[in-house]
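coords.csv (CSV, C-alpha atoms and all ligand atoms)
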chain,number,residue,atom,x,y,z
A,1,MET,CA,142.6,161.5,77.6
A,2,THR,CA,139.7,159.4,76.3
A,3,ARG,CA,136.1,159.4,77.3
A,4,ILE,CA,134.6,156.2,78.7
A,5,VAL,CA,131.2,155.3,79.9
A,6,VAL,CA,131.1,153.7,83.4
A,7,ALA,CA,128.4,152.6,85.8
A,8,THR,CA,129.2,154.2,89.2
A,9,ALA,CA,126.8,152.0,91.1
A,10,TYR,CA,124.5,149.0,90.4
A,11,GLY,CA,121.1,149.9,89.2
A,12,GLY,CA,119.3,151.4,86.2
A,13,PRO,CA,120.6,153.6,83.4
A,14,ASP,CA,120.8,156.6,85.7
A,15,VAL,CA,124.0,155.2,87.2
A,16,LEU,CA,125.9,155.7,83.8
A,17,THR,CA,128.3,158.6,83.5
A,18,VAL,CA,131.1,159.6,81.2
A,19,VAL,CA,134.6,160.0,82.7
A,20,ALA,CA,137.9,161.0,81.2
A,21,GLU,CA,140.9,158.6,81.5
A,22,ASP,CA,144.2,157.9,79.9
A,23,PRO,CA,143.8,154.6,78.1
A,24,GLY,CA,147.6,153.9,78.3
A,25,ASP,CA,149.7,152.2,75.8
A,26,PRO,CA,148.9,148.8,74.4
A,27,GLY,CA,150.6,145.9,76.3
A,28,PRO,CA,151.8,142.6,74.8
A,29,GLY,CA,149.2,141.2,72.4
A,30,GLN,CA,147.1,144.4,72.6
A,31,VAL,CA,146.2,147.3,70.2
A,32,LEU,CA,144.7,150.7,70.9
A,33,LEU,CA,141.5,151.1,68.9
A,34,GLU,CA,139.9,154.5,68.0
A,35,VAL,CA,136.3,153.5,68.3
A,36,ARG,CA,133.9,154.6,65.5
A,37,ALA,CA,130.8,152.7,66.7
A,38,ALA,CA,129.9,150.4,69.6
A,39,GLY,CA,127.0,148.0,69.5
A,40,VAL,CA,124.3,148.2,72.3
A,41,ASN,CA,123.1,144.9,73.6
A,42,PRO,CA,120.8,143.8,76.5
A,43,ALA,CA,124.0,142.4,78.2
A,44,ASP,CA,125.2,146.0,78.5
A,45,TRP,CA,122.5,147.0,80.9
A,46,LYS,CA,122.4,143.6,82.6
A,47,SER,CA,126.1,144.0,83.4
A,48,TYR,CA,125.4,146.9,85.9
A,49,SER,CA,121.8,146.0,86.8
A,50,GLY,CA,122.9,143.8,89.7
A,51,ALA,CA,121.5,140.7,88.0
A,52,TRP,CA,125.0,139.4,87.5
A,53,GLY,CA,126.3,140.3,90.9
A,54,ASP,CA,126.9,143.5,92.8
A,55,ASP,CA,130.4,143.4,94.0
A,56,PRO,CA,131.4,147.0,94.9
A,57,ALA,CA,135.0,146.2,94.1
A,58,ARG,CA,134.1,146.1,90.4
A,59,LEU,CA,132.9,149.7,90.4
A,60,PRO,CA,133.2,151.9,88.5
A,61,LEU,CA,132.3,149.3,85.9
A,62,ARG,CA,133.0,149.8,82.2
A,63,VAL,CA,130.2,149.0,79.8
A,64,GLY,CA,129.9,147.5,76.3
A,65,PHE,CA,131.1,144.3,74.6
A,66,GLU,CA,131.7,145.1,70.9
A,67,ALA,CA,133.1,147.9,68.8
A,68,ALA,CA,134.4,148.8,65.4
A,69,GLY,CA,137.2,151.3,64.8
A,70,VAL,CA,140.7,152.1,63.6
A,71,VAL,CA,143.9,150.7,65.1
A,72,ARG,CA,146.0,153.7,66.4
A,73,ALA,CA,148.8,151.8,68.2
A,74,VAL,CA,150.1,148.2,68.3
A,75,GLY,CA,151.7,146.6,71.3
A,76,PRO,CA,154.5,144.1,71.4
A,77,ASP,CA,154.0,140.5,70.2
A,78,VAL,CA,151.2,141.4,67.8
A,79,ASP,CA,151.4,139.9,64.2
A,80,GLY,CA,149.2,140.8,61.2
A,81,VAL,CA,147.7,144.0,62.6
A,82,SER,CA,149.0,147.5,61.6
A,83,VAL,CA,148.3,151.1,62.6
A,84,GLY,CA,145.5,152.4,60.4
A,85,ASP,CA,143.7,149.0,60.0
A,86,GLU,CA,139.9,149.2,60.1
A,87,VAL,CA,138.6,146.4,62.3
A,88,ILE,CA,135.8,145.0,64.3
A,89,ALA,CA,136.6,143.9,67.9
A,90,GLN,CA,134.4,141.4,69.7
A,91,PRO,CA,134.5,140.5,72.6
A,92,ALA,CA,135.7,144.0,73.6
A,93,ARG,CA,134.8,144.7,77.2
A,94,GLY,CA,134.4,148.4,78.0
A,95,ALA,CA,133.6,149.2,74.3
A,96,TYR,CA,131.7,152.4,75.2
A,97,ALA,CA,134.7,154.6,74.8
A,98,ASP,CA,136.3,156.8,72.2
A,99,ARG,CA,139.6,154.9,72.5
A,100,LEU,CA,140.0,151.3,73.8
A,101,LEU,CA,142.7,148.8,74.5
A,102,VAL,CA,141.7,145.4,73.1
A,103,LYS,CA,143.4,142.0,72.5
A,104,ALA,CA,144.6,141.8,68.9
A,105,SER,CA,143.3,138.2,68.8
A,106,VAL,CA,139.7,139.4,68.8
A,107,LEU,CA,140.0,141.6,65.7
A,108,VAL,CA,138.6,140.9,62.3
A,109,PRO,CA,138.9,143.2,59.3
A,110,ARG,CA,136.0,145.6,58.6
A,111,PRO,CA,134.8,145.0,55.1
A,112,PRO,CA,134.8,148.4,53.3
A,113,THR,CA,131.1,147.9,52.2
A,114,LEU,CA,130.0,147.7,55.9
A,115,ASP,CA,129.5,151.1,57.5
A,116,TRP,CA,130.9,151.7,60.9
A,117,ARG,CA,127.5,151.4,62.7
A,118,GLU,CA,126.7,148.1,61.0
A,119,ALA,CA,130.2,146.8,61.8
A,120,GLY,CA,130.0,147.9,65.5
A,121,GLY,CA,126.6,146.1,65.9
A,122,LEU,CA,127.4,142.9,63.9
A,123,LEU,CA,129.3,140.4,66.0
A,124,LEU,CA,127.7,139.9,69.4
A,125,THR,CA,124.4,139.0,67.9
A,126,GLY,CA,126.0,137.4,64.9
A,127,THR,CA,128.2,135.0,66.8
A,128,THR,CA,125.4,134.1,69.2
A,129,ALA,CA,123.1,133.3,66.3
A,130,TRP,CA,125.9,131.3,64.5
A,131,HIS,CA,126.3,129.2,67.7
A,132,ALA,CA,122.6,128.6,67.9
A,133,VAL,CA,122.1,127.4,64.3
A,134,THR,CA,125.3,125.3,64.6
A,135,ALA,CA,124.3,123.7,67.9
A,136,THR,CA,120.8,122.8,66.6
A,137,HIS,CA,122.2,121.5,63.3
A,138,VAL,CA,119.9,123.7,61.2
A,139,GLY,CA,120.0,122.8,57.5
A,140,THR,CA,118.1,122.1,54.3
A,141,GLY,CA,114.8,120.4,54.9
A,142,ASP,CA,114.3,121.9,58.4
A,143,THR,CA,111.5,124.0,59.6
A,144,VAL,CA,112.9,126.2,62.4
A,145,LEU,CA,110.8,128.1,64.9
A,146,VAL,CA,112.7,131.3,66.1
A,147,HIS,CA,111.3,133.1,69.1
A,148,GLY,CA,112.1,136.8,69.1
A,149,ALA,CA,112.8,136.8,65.4
A,150,SER,CA,112.7,140.6,65.0
A,151,GLY,CA,115.3,141.2,67.8
A,152,GLY,CA,119.0,141.6,67.4
A,153,VAL,CA,119.9,137.9,67.8
A,154,GLY,CA,116.6,136.6,66.3
A,155,ALA,CA,117.1,138.5,63.0
A,156,MET,CA,120.5,137.1,62.7
A,157,VAL,CA,119.2,133.5,63.4
A,158,VAL,CA,116.6,134.0,60.7
A,159,GLN,CA,119.1,135.1,58.1
A,160,LEU,CA,121.6,132.3,58.9
A,161,ALA,CA,119.0,129.6,59.0
A,162,ARG,CA,117.6,130.8,55.6
A,163,MET,CA,121.2,130.7,54.2
A,164,ARG,CA,121.5,127.1,55.4
A,165,GLY,CA,118.4,126.2,53.4
A,166,ALA,CA,115.8,126.0,56.2
A,167,ARG,CA,112.3,127.2,56.3
A,168,VAL,CA,111.8,129.7,59.2
A,169,ILE,CA,108.7,130.5,61.3
A,170,GLY,CA,109.5,133.5,63.5
A,171,THR,CA,107.6,135.0,66.4
A,172,ALA,CA,107.3,138.8,66.7
A,173,SER,CA,104.8,141.5,67.6
A,174,THR,CA,102.4,142.1,64.7
A,175,GLY,CA,104.1,145.5,64.0
A,176,ASN,CA,107.3,143.6,63.1
A,177,HIS,CA,105.7,141.0,60.8
A,178,ASP,CA,106.5,142.8,57.5
A,179,HIS,CA,110.1,143.0,58.7
A,180,LEU,CA,110.2,139.3,59.3
A,181,THR,CA,108.7,138.6,55.8
A,182,GLU,CA,111.5,140.7,54.3
A,183,LEU,CA,114.1,138.6,56.2
A,184,GLY,CA,112.6,135.5,54.7
A,185,ALA,CA,110.6,134.2,57.7
A,186,GLN,CA,107.0,133.4,58.1
A,187,PRO,CA,105.8,135.7,60.9
A,188,VAL,CA,103.6,134.5,63.8
A,189,ALA,CA,102.4,136.6,66.8
A,190,HIS,CA,103.6,135.5,70.2
A,191,GLY,CA,101.0,135.3,73.1
A,192,PRO,CA,98.2,132.8,74.0
A,193,GLY,CA,97.6,130.2,71.3
A,194,LEU,CA,101.1,130.3,69.9
A,195,GLU,CA,101.5,126.5,69.7
A,196,ASP,CA,98.3,126.1,67.7
A,197,ARG,CA,99.2,129.0,65.3
A,198,VAL,CA,102.6,127.4,64.7
A,199,ARG,CA,101.1,124.0,64.2
A,200,GLY,CA,98.7,125.5,61.6
A,201,LEU,CA,101.5,127.2,59.7
A,202,SER,CA,103.9,124.2,59.8
A,203,ASN,CA,101.5,121.3,59.4
A,204,GLY,CA,103.2,119.9,62.6
A,205,SER,CA,106.6,119.6,61.0
A,206,VAL,CA,108.8,121.9,63.2
A,207,THR,CA,112.2,120.2,63.4
A,208,ALA,CA,114.2,122.7,65.5
A,209,ALA,CA,113.6,125.7,67.7
A,210,ILE,CA,115.8,128.6,68.8
A,211,ASP,CA,114.6,130.8,71.6
A,212,THR,CA,116.0,134.3,72.1
A,213,VAL,CA,113.3,135.5,74.5
A,214,GLY,CA,113.3,133.2,77.5
A,215,THR,CA,109.6,133.0,78.4
A,216,ASP,CA,107.9,129.8,79.5
A,217,GLU,CA,105.6,130.3,76.5
A,218,ALA,CA,108.6,130.2,74.0
A,219,LEU,CA,110.2,127.2,75.7
A,220,ASP,CA,107.1,125.1,76.4
A,221,THR,CA,105.9,125.7,72.8
A,222,SER,CA,109.3,124.7,71.4
A,223,VAL,CA,109.4,121.3,73.3
A,224,ALA,CA,105.7,120.6,72.4
A,225,LEU,CA,106.5,121.0,68.7
A,226,VAL,CA,110.0,119.7,68.2
A,227,PRO,CA,110.3,115.9,68.7
A,228,ASP,CA,114.1,116.0,69.5
A,229,ARG,CA,115.0,118.1,72.5
A,230,ARG,CA,118.7,118.2,71.4
A,231,ARG,CA,117.4,120.4,68.6
A,232,VAL,CA,115.8,123.0,70.9
A,233,ALA,CA,118.1,125.8,72.2
A,234,THR,CA,117.7,128.9,74.3
A,235,ILE,CA,120.0,131.8,74.8
A,236,ALA,CA,117.8,133.5,77.4
A,237,GLY,CA,115.7,131.1,79.4
A,238,PHE,CA,118.2,129.1,81.4
A,239,HIS,CA,116.1,128.3,84.4
A,240,ARG,CA,113.2,126.7,82.5
A,241,GLY,CA,115.7,125.4,79.9
A,242,ALA,CA,117.4,123.3,82.5
A,243,GLN,CA,114.1,121.9,83.7
A,244,LEU,CA,113.2,121.0,80.1
A,245,ARG,CA,116.7,119.6,79.3
A,246,ILE,CA,117.1,121.6,76.2
A,247,GLN,CA,120.4,123.2,75.0
A,248,MET,CA,121.4,126.3,76.8
A,249,LEU,CA,123.9,128.5,75.0
A,250,GLY,CA,126.0,131.4,76.4
A,251,SER,CA,127.3,132.2,79.8
A,252,GLY,CA,125.4,130.9,82.8
A,253,PRO,CA,125.3,127.8,84.9
A,254,GLY,CA,125.1,124.6,82.8
A,255,ALA,CA,125.2,126.5,79.5
A,256,ASP,CA,127.6,125.9,76.7
A,257,PRO,CA,129.6,129.1,76.1
A,258,GLY,CA,130.6,128.0,72.6
A,259,THR,CA,133.8,129.9,72.8
A,260,GLN,CA,135.5,128.3,69.9
A,261,VAL,CA,132.5,128.1,67.5
A,262,ARG,CA,131.8,131.8,68.2
A,263,ALA,CA,135.4,132.8,67.7
A,264,ASP,CA,135.7,130.8,64.4
A,265,ALA,CA,132.5,132.5,63.1
A,266,ARG,CA,133.6,136.1,63.5
A,267,ARG,CA,135.6,136.5,60.3
A,268,ARG,CA,133.0,134.6,58.2
A,269,LEU,CA,130.2,136.8,59.6
A,270,ALA,CA,132.1,140.0,58.7
A,271,GLU,CA,132.6,138.6,55.1
A,272,LEU,CA,128.9,137.7,54.8
A,273,ALA,CA,127.8,141.1,56.0
A,274,GLY,CA,130.3,142.8,53.7
A,275,ASP,CA,128.8,140.8,50.8
A,276,ARG,CA,125.3,141.9,51.9
A,277,ARG,CA,124.3,138.2,52.4
A,278,ILE,CA,123.4,139.1,56.0
A,279,LYS,CA,122.3,142.5,57.1
A,280,VAL,CA,122.6,144.4,60.4
A,281,HIS,CA,119.4,146.6,60.6
A,282,VAL,CA,120.6,149.7,62.5
A,283,GLY,CA,117.5,151.1,64.2
A,284,ALA,CA,118.9,154.1,66.1
A,285,THR,CA,122.2,155.8,66.7
A,286,PHE,CA,123.0,157.6,70.0
A,287,HIS,CA,126.0,159.7,71.0
A,288,LEU,CA,128.3,158.0,73.5
A,289,ALA,CA,127.3,160.6,76.1
A,290,ASP,CA,123.7,159.5,75.7
A,291,ALA,CA,124.3,155.9,76.6
A,292,ALA,CA,121.7,156.0,79.3
A,293,LYS,CA,119.1,157.2,76.8
A,294,ALA,CA,120.1,154.4,74.4
A,295,HIS,CA,119.7,151.9,77.3
A,296,ARG,CA,116.2,153.2,78.2
A,297,ALA,CA,115.2,152.8,74.5
A,298,GLY,CA,116.5,149.3,74.4
A,299,MET,CA,114.9,148.2,77.7
A,300,SER,CA,111.5,149.6,76.6
A,301,ASN,CA,111.7,147.6,73.3
A,302,SER,CA,110.4,150.7,71.6
A,303,LEU,CA,112.8,150.7,68.6
A,304,ARG,CA,113.2,148.0,66.0
A,305,GLY,CA,116.8,147.2,64.9
A,306,LYS,CA,120.2,147.5,66.4
A,307,ILE,CA,121.0,150.4,68.6
A,308,VAL,CA,124.5,151.8,68.1
A,309,LEU,CA,126.6,154.4,70.0
A,310,VAL,CA,129.0,156.7,68.2
A,311,PRO,CA,131.7,158.8,69.9
A,401,LIG,N1,123.3,133.6,75.8
A,401,LIG,C1,123.9,134.4,74.9
A,401,LIG,O1,125.0,134.1,74.5
A,401,LIG,C2,123.3,135.7,74.6
A,401,LIG,C3,123.9,136.5,73.6
A,401,LIG,C4,123.2,137.6,73.2
A,401,LIG,C5,122.0,137.9,73.8
A,401,LIG,N2,121.5,137.2,74.8
A,401,LIG,C6,120.2,137.5,75.4
A,401,LIG,O2,119.2,137.2,74.5
A,401,LIG,C7,118.1,138.0,74.6
A,401,LIG,C8,117.8,138.7,73.3
A,401,LIG,O3,118.8,139.6,72.9
A,401,LIG,P1,118.7,140.6,71.7
A,401,LIG,O4,119.9,141.3,71.5
A,401,LIG,O5,118.1,139.8,70.5
A,401,LIG,O6,117.5,141.5,72.2
A,401,LIG,P2,116.5,142.5,71.5
A,401,LIG,O7,117.1,143.0,70.2
A,401,LIG,O8,116.0,143.4,72.5
A,401,LIG,O9,115.3,141.5,71.0
A,401,LIG,C9,114.4,140.9,71.9
A,401,LIG,C10,113.1,140.6,71.1
A,401,LIG,O10,112.2,139.9,71.9
A,401,LIG,C11,110.9,140.1,71.5
A,401,LIG,N3,110.0,140.0,72.6
A,401,LIG,C12,109.9,140.9,73.7
A,401,LIG,N4,109.0,140.4,74.6
A,401,LIG,C13,108.5,139.2,74.1
A,401,LIG,C14,107.6,138.2,74.5
A,401,LIG,N5,107.0,138.4,75.7
A,401,LIG,N6,107.4,137.2,73.8
A,401,LIG,C15,108.1,137.0,72.6
A,401,LIG,N7,109.0,137.9,72.1
A,401,LIG,C16,109.2,139.0,72.9
A,401,LIG,C17,110.9,141.5,70.9
A,401,LIG,O11,110.3,141.4,69.6
A,401,LIG,P3,108.8,142.0,69.4
A,401,LIG,O12,108.8,143.4,69.8
A,401,LIG,O13,108.6,141.8,67.9
A,401,LIG,O14,107.9,141.2,70.2
A,401,LIG,C18,112.4,141.8,70.7
A,401,LIG,O15,112.7,142.2,69.4
A,401,LIG,C19,118.5,139.0,75.8
A,401,LIG,O16,117.9,138.5,77.0
A,401,LIG,C20,120.0,138.9,75.8
A,401,LIG,O17,120.5,139.3,77.0
A,401,LIG,C21,122.1,136.0,75.2
Using the file provided, produce a representation of the structure as structure tokens.
Amino acid sequence: MTRIVVATAYGGPDVLTVVAEDPGDPGPGQVLLEVRAAGVNPADWKSYSGAWGDDPARLPLRVGFEAAGVVRAVGPDVDGVSVGDEVIAQPARGAYADRLLVKASVLVPRPPTLDWREAGGLLLTGTTAWHAVTATHVGTGDTVLVHGASGGVGAMVVQLARMRGARVIGTASTGNHDHLTELGAQPVAHGPGLEDRVRGLSNGSVTAAIDTVGTDEALDTSVALVPDRRRVATIAGFHRGAQLRIQMLGSGPGADPGTQVRADARRRLAELAGDRRIKVHVGATFHLADAAKAHRAGMSNSLRGKIVLVP
């Protein structure tokens, strides 16, 4: 039997519970993964909040979208993966479990220099950030405004944009400004007057903007500062984003899911993290059974860095 975290109803973290279930044997194209760490993302609590629908037929609903672990069994029609391989799996629906069936096609090798928690929290934010810097063509000579730069996706965007040779101005609460400086961004506080503060820092030369927050403040500031709306993207503010005709990235009406660009980025992101060219800042680790506590911490924005669950 394996322990898995499920939501038994739609609502807040109180609906989460741990149940025991036989994961079964891997089918064609699948492997059985012994999970060592699962990344916690806002999508996890959104998935059972009711915000994405409340069909009772989907209950109990498994939680989590990314994990790292050891391959314990390999199904038919799988090439290039063996029992004992240490891997990262993303997307991996239902990742909050101690064992998990996943498609072999979503696996990339875990670099030995990356610890399990970093590996489990790398790819959902990493692939999203990769999509964002690719879609906005960030490169040398750019000044990029990143909203939510201290968050999971934002910190990845900062690091990837810096690697591509861009200057980065990042918004964050003042308590996170030192962290942004360490990542290579120039920090700026969000809140009233944001546009003027960014103008002051950039001399009016912001060439691209990536929003990971979704507020009107972030989106309106971005279009006020960036002359070309094709170089403004949001992963979180789709309603306002559609009104402003900027790029919307991810899953949602009118958004570009970037399936191929994200899939192609996974192996490269793992290599970059393994070489310490990008870093996953793990802020807190919770036991699988404490998934509800982990979600409350994430929802309250009280911790900096990635939250990770371990079995
Ligand atoms: N479309 C996609 O493909 C996709 C993929 C991944 C995530 N997402 C979504 O993107 C969002 C961010 O995800 P994440 O994993 O980066 O979350 P996160 O780690 O919780 O980061 C969010 C950041 O937003 C900042 N923030 C909070 N309130 C703010 C405000 N009023 N103004 C400006 N900044 C504020 C916080 O930084 P400070 O405390 O420093 O202010 C926080 O670090 C979520 O809504 C998530 O669901 C979308």
Would you list the residues that come within 6 Å of ligand LIG 401 (chain A)? Count all atoms listed in the file and give the answer as a list in words. Asn41, Pro42, Ala43, Thr125, Thr128, Gly148, Ser150, Gly151, Gly152, Val153, Gly154, Ala172, Ser173, Asn176, His190, Thr212, Val213, Ile235, Ala236, Leu249, Gly250 and Ser251 of chain A
Take the residues from that selection and put them in a file with C-alpha atoms, as a compact mmCIF listing (two decimals), in the coordinates of the input.
# COMPACT_ATOMS: atom_id res chain seq x y z
CA ASN A 41 123.10 144.90 73.60
CA PRO A 42 120.80 143.80 76.50
CA ALA A 43 124.00 142.40 78.20
CA THR A 125 124.40 139.00 67.90
CA THR A 128 125.40 134.10 69.20
CA GLY A 148 112.10 136.80 69.10
CA SER A 150 112.70 140.60 65.00
CA GLY A 151 115.30 141.20 67.80
CA GLY A 152 119.00 141.60 67.40
CA VAL A 153 119.90 137.90 67.80
CA GLY A 154 116.60 136.60 66.30
CA ALA A 172 107.30 138.80 66.70
CA SER A 173 104.80 141.50 67.60
CA ASN A 176 107.30 143.60 63.10
CA HIS A 190 103.60 135.50 70.20
CA THR A 212 116.00 134.30 72.10
CA VAL A 213 113.30 135.50 74.50
CA ILE A 235 120.00 131.80 74.80
CA ALA A 236 117.80 133.50 77.40
CA LEU A 249 123.90 128.50 75.00
CA GLY A 250 126.00 131.40 76.40
CA SER A 251 127.30 132.20 79.80
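Atom pair CA of Val223 (chain A) / CA of Arg245 (chain A) has a distance of 9.6 Å (rounded to one decimal).
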Output, as lines of an AutoDock Vina configuration file, the centre and edge lengths in Å (one decimal) of the axis-aligned box that contains all listed atoms of region 180-184 of chain A with 6 Å of margin on each side.
center_x = 111.4
center_y = 138.1
center_z = 56.8
size_x = 17.4
size_y = 17.2
size_z = 17.0
Under the rule that only C-alpha atoms are counted, which of A:Gly29, A:Val282, A:Thr136, A:Thr143 is the nearest residue to Met248 (chain A)? A:Thr136
Extract, using only C-alpha atoms, all DNA, RNA and protein residues at most 12 Å from His131 (chain A), discarding same-chain residues fewer than 3 positions from it, and format them as a ChimeraX atom specification. /A:123-128,134-138,153,156-157,160-161,210,233-235,247-250,256-266,269
Top pick for closest residue to Arg117 (chain A), considering A:Gly84, A:Gly139, A:Gly12, A:Gly39 and counting only C-alpha atoms: A:Gly39
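Take the candidates A:Val144, A:Ala104, A:Ala149, A:Ala297 and check each one against Val226 (chain A) using all atoms listed in the file; the shortest distance goes to A:Val144.
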Residues within 10 Å of (147.6, 136.5, 67.8), file coords, all atoms listed in the file, listed as number ranges by chain: A: 29-30, 77-81, 103-107
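Considering the residues A:Asp54, A:Asp220, A:Asp211, A:Glu182 and counting only C-alpha atoms, Val146 (chain A) has its shortest atom-to-atom contact with A:Asp211.
Using all atoms listed in the file, the smallest distance between any of A:Ala189, A:Val168, A:Val74, A:Val40 and Gly283 (chain A) comes from A:Val40.
Distances from A:Lys46, A:Arg3, A:Arg93, A:Arg267 to Met299 (chain A) were compared using all atoms listed in the file, and the smallest one belongs to A:Lys46.
Put simply, CA of Val310 (chain A) is 12.3 Å away from CA of Gly64 (chain A).
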Report the distance between CA of Ala209 (chain A) and CA of Asn301 (chain A) in Å, rounded to one decimal place. 22.7 Å
Excluding same-chain residues fewer than 3 positions from Ile4 (chain A), what lies within 10 Å of it counting all atoms listed in the file, as a ChimeraX atom specification? /A:1,17-23,62-63,94-100,288-289,311
Fix up region 71-91 of chain A with N, CA and C atoms, then write it as an mmCIF file, in the frame of the given file.
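part_34.cif, freshly written:
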data_model
loop_
_atom_site.group_PDB
_atom_site.id
_atom_site.type_symbol
_atom_site.label_atom_id
_atom_site.label_comp_id
_atom_site.auth_asym_id
_atom_site.auth_seq_id
_atom_site.Cartn_x
_atom_site.Cartn_y
_atom_site.Cartn_z
ATOM 1 N N VAL A 71 142.762 151.025 64.194
ATOM 2 C CA VAL A 71 143.900 150.700 65.100
ATOM 3 C C VAL A 71 144.842 151.940 65.084
ATOM 4 N N ARG A 72 145.123 152.471 66.281
ATOM 5 C CA ARG A 72 146.000 153.700 66.400
ATOM 6 C C ARG A 72 147.349 153.348 66.988
ATOM 7 N N ALA A 73 147.498 152.213 67.669
ATOM 8 C CA ALA A 73 148.800 151.800 68.200
ATOM 9 C C ALA A 73 148.804 150.295 68.358
ATOM 10 N N VAL A 74 149.953 149.684 68.170
ATOM 11 C CA VAL A 74 150.100 148.200 68.300
ATOM 12 C C VAL A 74 151.109 147.876 69.314
ATOM 13 N N GLY A 75 150.764 147.005 70.248
ATOM 14 C CA GLY A 75 151.700 146.600 71.300
ATOM 15 C C GLY A 75 152.657 145.540 70.850
ATOM 16 N N PRO A 76 153.565 145.126 71.773
ATOM 17 C CA PRO A 76 154.500 144.100 71.400
ATOM 18 C C PRO A 76 153.790 142.729 71.186
ATOM 19 N N ASP A 77 154.444 141.857 70.454
ATOM 20 C CA ASP A 77 154.000 140.500 70.200
ATOM 21 C C ASP A 77 152.621 140.442 69.481
ATOM 22 N N VAL A 78 152.402 141.394 68.583
ATOM 23 C CA VAL A 78 151.200 141.400 67.800
ATOM 24 C C VAL A 78 151.613 141.195 66.305
ATOM 25 N N ASP A 79 151.069 140.171 65.665
ATOM 26 C CA ASP A 79 151.400 139.900 64.200
ATOM 27 C C ASP A 79 150.131 140.207 63.408
ATOM 28 N N GLY A 80 150.332 140.712 62.214
ATOM 29 C CA GLY A 80 149.200 140.800 61.200
ATOM 30 C C GLY A 80 148.287 141.953 61.470
ATOM 31 N N VAL A 81 148.589 142.861 62.378
ATOM 32 C CA VAL A 81 147.700 144.000 62.600
ATOM 33 C C VAL A 81 148.645 145.273 62.536
ATOM 34 N N SER A 82 148.193 146.298 61.795
ATOM 35 C CA SER A 82 149.000 147.500 61.600
ATOM 36 C C SER A 82 148.225 148.741 62.015
ATOM 37 N N VAL A 83 148.955 149.806 62.361
ATOM 38 C CA VAL A 83 148.300 151.100 62.600
ATOM 39 C C VAL A 83 147.553 151.510 61.354
ATOM 40 N N GLY A 84 146.307 151.962 61.529
ATOM 41 C CA GLY A 84 145.500 152.400 60.400
ATOM 42 C C GLY A 84 144.495 151.300 59.943
ATOM 43 N N ASP A 85 144.672 150.057 60.403
ATOM 44 C CA ASP A 85 143.700 149.000 60.000
ATOM 45 C C ASP A 85 142.322 149.309 60.529
ATOM 46 N N GLU A 86 141.328 149.045 59.692
ATOM 47 C CA GLU A 86 139.900 149.200 60.100
ATOM 48 C C GLU A 86 139.370 147.876 60.493
ATOM 49 N N VAL A 87 138.923 147.761 61.726
ATOM 50 C CA VAL A 87 138.600 146.400 62.300
ATOM 51 C C VAL A 87 137.346 146.420 63.096
ATOM 52 N N ILE A 88 136.895 145.202 63.364
ATOM 53 C CA ILE A 88 135.800 145.000 64.300
ATOM 54 C C ILE A 88 136.390 144.191 65.478
ATOM 55 N N ALA A 89 136.017 144.577 66.704
ATOM 56 C CA ALA A 89 136.600 143.900 67.900
ATOM 57 C C ALA A 89 135.412 143.352 68.716
ATOM 58 N N GLN A 90 135.455 142.014 68.927
ATOM 59 C CA GLN A 90 134.400 141.400 69.700
ATOM 60 C C GLN A 90 134.960 140.003 70.166
ATOM 61 N N PRO A 91 134.958 139.672 71.469
ATOM 62 C CA PRO A 91 134.500 140.500 72.600
ATOM 63 C C PRO A 91 135.445 141.626 72.922
#
